[in-house]
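Okay, structure first, notes after.
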Amino acid sequence: MKSVVISPPFQTSFKITTNCEELVRLLKLKHGKYLTTFCCNDVKSITAIRKDDGLYDVAFSHKIVQDKSGVQAIDEIMFNNTQYDSNIFAIHGAAVEWQGRAYLFLASTTSGKSTLTSYLTSKGFGYIAEDCILLDRTSFEIHPYPTPIHLRDGGLDVLKRCHAEPHSFEIMNDQSLRRYVYTPSNCVDVPVALEKVFFINRTDSENCVLPMNTTSRIMALMKSPITPYPVTSEYLKFLSRLSSQDCFTLNYCDMDFVAEVIQNG
């Protein structure tokens with residue numbers, strides 16, 4: 001049996017105990033440097049035992065579920081039981097750094113965030129986050145959370161055509177999921193002030209940046225958290241403050257266009 005700890009910044013930590021080295025390898029590919037052997041005091045425990053038939057018994061809080069991969073069940077448990085520090089607004093999106101400022105890309109899954117982020121980091125932008133953005137509610141700084149980037153086949157093909165594919169990567173095969181995993185070398189390691197928020201749409205032929213009115217900004221931001229937040233008066237005041245930042249709709253078919261938008265201010 002082996003125990004490892006997934007300890008991301010500003011959120012719940014989990015200890016995973018398992019009898020399977022392959023599961024540990026897959027968790028390392030998913031969480032990168034945030035998977036360690038150091039056990040902190042405030043940690044929740046998950047047990048994942050691989051049986052002779054290849055299935056995992058994944059146990060948490062007196063409940064056991066069976067899973068073919070182990071990783072998917074652990075992901076679901078972590079997602080449903082993670083709490084973020086009260087001073088953090090956790091956003092589903094990606095973020096890059098340019099000249100000491102943070103630029104956020106918010107969109108749904110399969111919208112091309114990972115491919116766009118990978119492309120921009122290959123062009124000299126700093127890597128902040130690829131899936132979960134940690135925004136300080138008071139200072140509006142973005143705390144770095146550079147987990148490994150996971151590319152699908154289509155995303156890797158796009159990067160190859162642009163001559164921007166990663167120099168090396170590992171392949172993650174987890175049942176139906178196949179990903180090309182790597183961490184950019186130019187990771188940001190200090191908080192970065194928020195500059196602009198882009199709600200992105202990948203298009204076939206259009207490159208444009210569109211302004212958003214206050215109502216559109218607030219409505220879009222209300223859909224952006226990675227975890228549900230109670231809609232209190234304090235929360236609405238925070239969203240109102242956040243919406244006063246520069247927020248735009250960004251439609252793009254050319255990733256160089258996105259780079260130019262950021263570089264040209």
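Numbering starts fresh at 1 for the residues of each chain in the structure tokens, the chains themselves are lettered A, B, ... in the order given, and ligands are numbered from 1 as they appear.
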Can you build me a table of region 32-65 of chain A residues sitting at most 12 Å from region 159-178 of chain A, with the closest atom pair per residue and its distance in Å to one decimal, using only C-alpha atoms, sorted by chain and residue number, as a tab-separated table?
residue	atom	partner	partner_atom	distance
A:Gly32	CA	A:Glu170	CA	11.9
A:Gly54	CA	A:Gln175	CA	11.4
A:Leu55	CA	A:Gln175	CA	11.4
- Task: DSSP on the backbone, then: every residue of region 65-237 of chain A marked helix (DSSP H, G or I), written as a PyMOL selection string.
- Result: chain A and resi 71-81+113-122+153-161+214-222+233-237
- Which of these residues is nearest to Leu106 (chain A), using only C-alpha atoms: A:Lys196, A:His92, A:Lys51, A:Arg152?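 Checking each candidate against Leu106 (chain A), we get A:His92 as the closest.
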Write out, as a Markdown table, each residue of region 52-162 of chain A that has an atom at most 12 Å from region 219-241 of chain A, together with the closest pair of atoms and their distance in Å to one decimal, counting only C-alpha atoms, rows going by chain and rising number.
| residue | atom | partner | partner_atom | distance |
| --- | --- | --- | --- | --- |
| A:Met78 | CA | A:Thr227 | CA | 11.5 |
| A:Phe79 | CA | A:Thr227 | CA | 8.2 |
| A:Asn80 | CA | A:Thr227 | CA | 8.7 |
| A:Asn81 | CA | A:Thr227 | CA | 10.2 |
| A:Thr82 | CA | A:Thr227 | CA | 8.7 |
| A:Gln83 | CA | A:Thr227 | CA | 8.6 |
| A:Tyr84 | CA | A:Thr227 | CA | 9.0 |
| A:Ser86 | CA | A:Tyr229 | CA | 10.7 |
| A:Asn87 | CA | A:Phe238 | CA | 11.1 |
| A:Ile88 | CA | A:Pro225 | CA | 10.8 |
| A:Phe89 | CA | A:Pro225 | CA | 7.3 |
| A:Ala90 | CA | A:Pro225 | CA | 5.7 |
| A:Ile91 | CA | A:Pro225 | CA | 4.2 |
| A:His92 | CA | A:Ile226 | CA | 4.6 |
| A:Gly93 | CA | A:Ser224 | CA | 7.8 |
| A:Ala94 | CA | A:Ser224 | CA | 11.4 |
| A:Leu104 | CA | A:Ser224 | CA | 11.2 |
| A:Phe105 | CA | A:Ser224 | CA | 10.4 |
| A:Leu106 | CA | A:Ser224 | CA | 7.0 |
| A:Ala107 | CA | A:Ser224 | CA | 7.8 |
| A:Ser108 | CA | A:Ser224 | CA | 8.8 |
| A:Thr109 | CA | A:Ile226 | CA | 11.3 |
| A:Asp131 | CA | A:Ile226 | CA | 8.8 |
| A:Cys132 | CA | A:Ile226 | CA | 6.9 |
| A:Ile133 | CA | A:Ile226 | CA | 8.6 |
| A:Leu134 | CA | A:Ile226 | CA | 10.0 |
| A:Leu135 | CA | A:Pro225 | CA | 10.5 |
| A:Asp136 | CA | A:Phe238 | CA | 10.9 |
| A:Arg137 | CA | A:Phe238 | CA | 7.3 |
| A:Thr138 | CA | A:Phe238 | CA | 8.9 |
| A:Ser139 | CA | A:Arg241 | CA | 11.1 |
| A:Phe140 | CA | A:Arg241 | CA | 9.7 |
- Note on the structure: With distances taken over only C-alpha atoms, the candidate from A:Asp246, A:Glu260, A:Ile77, A:Met255 nearest Tyr119 (chain A) is A:Met255
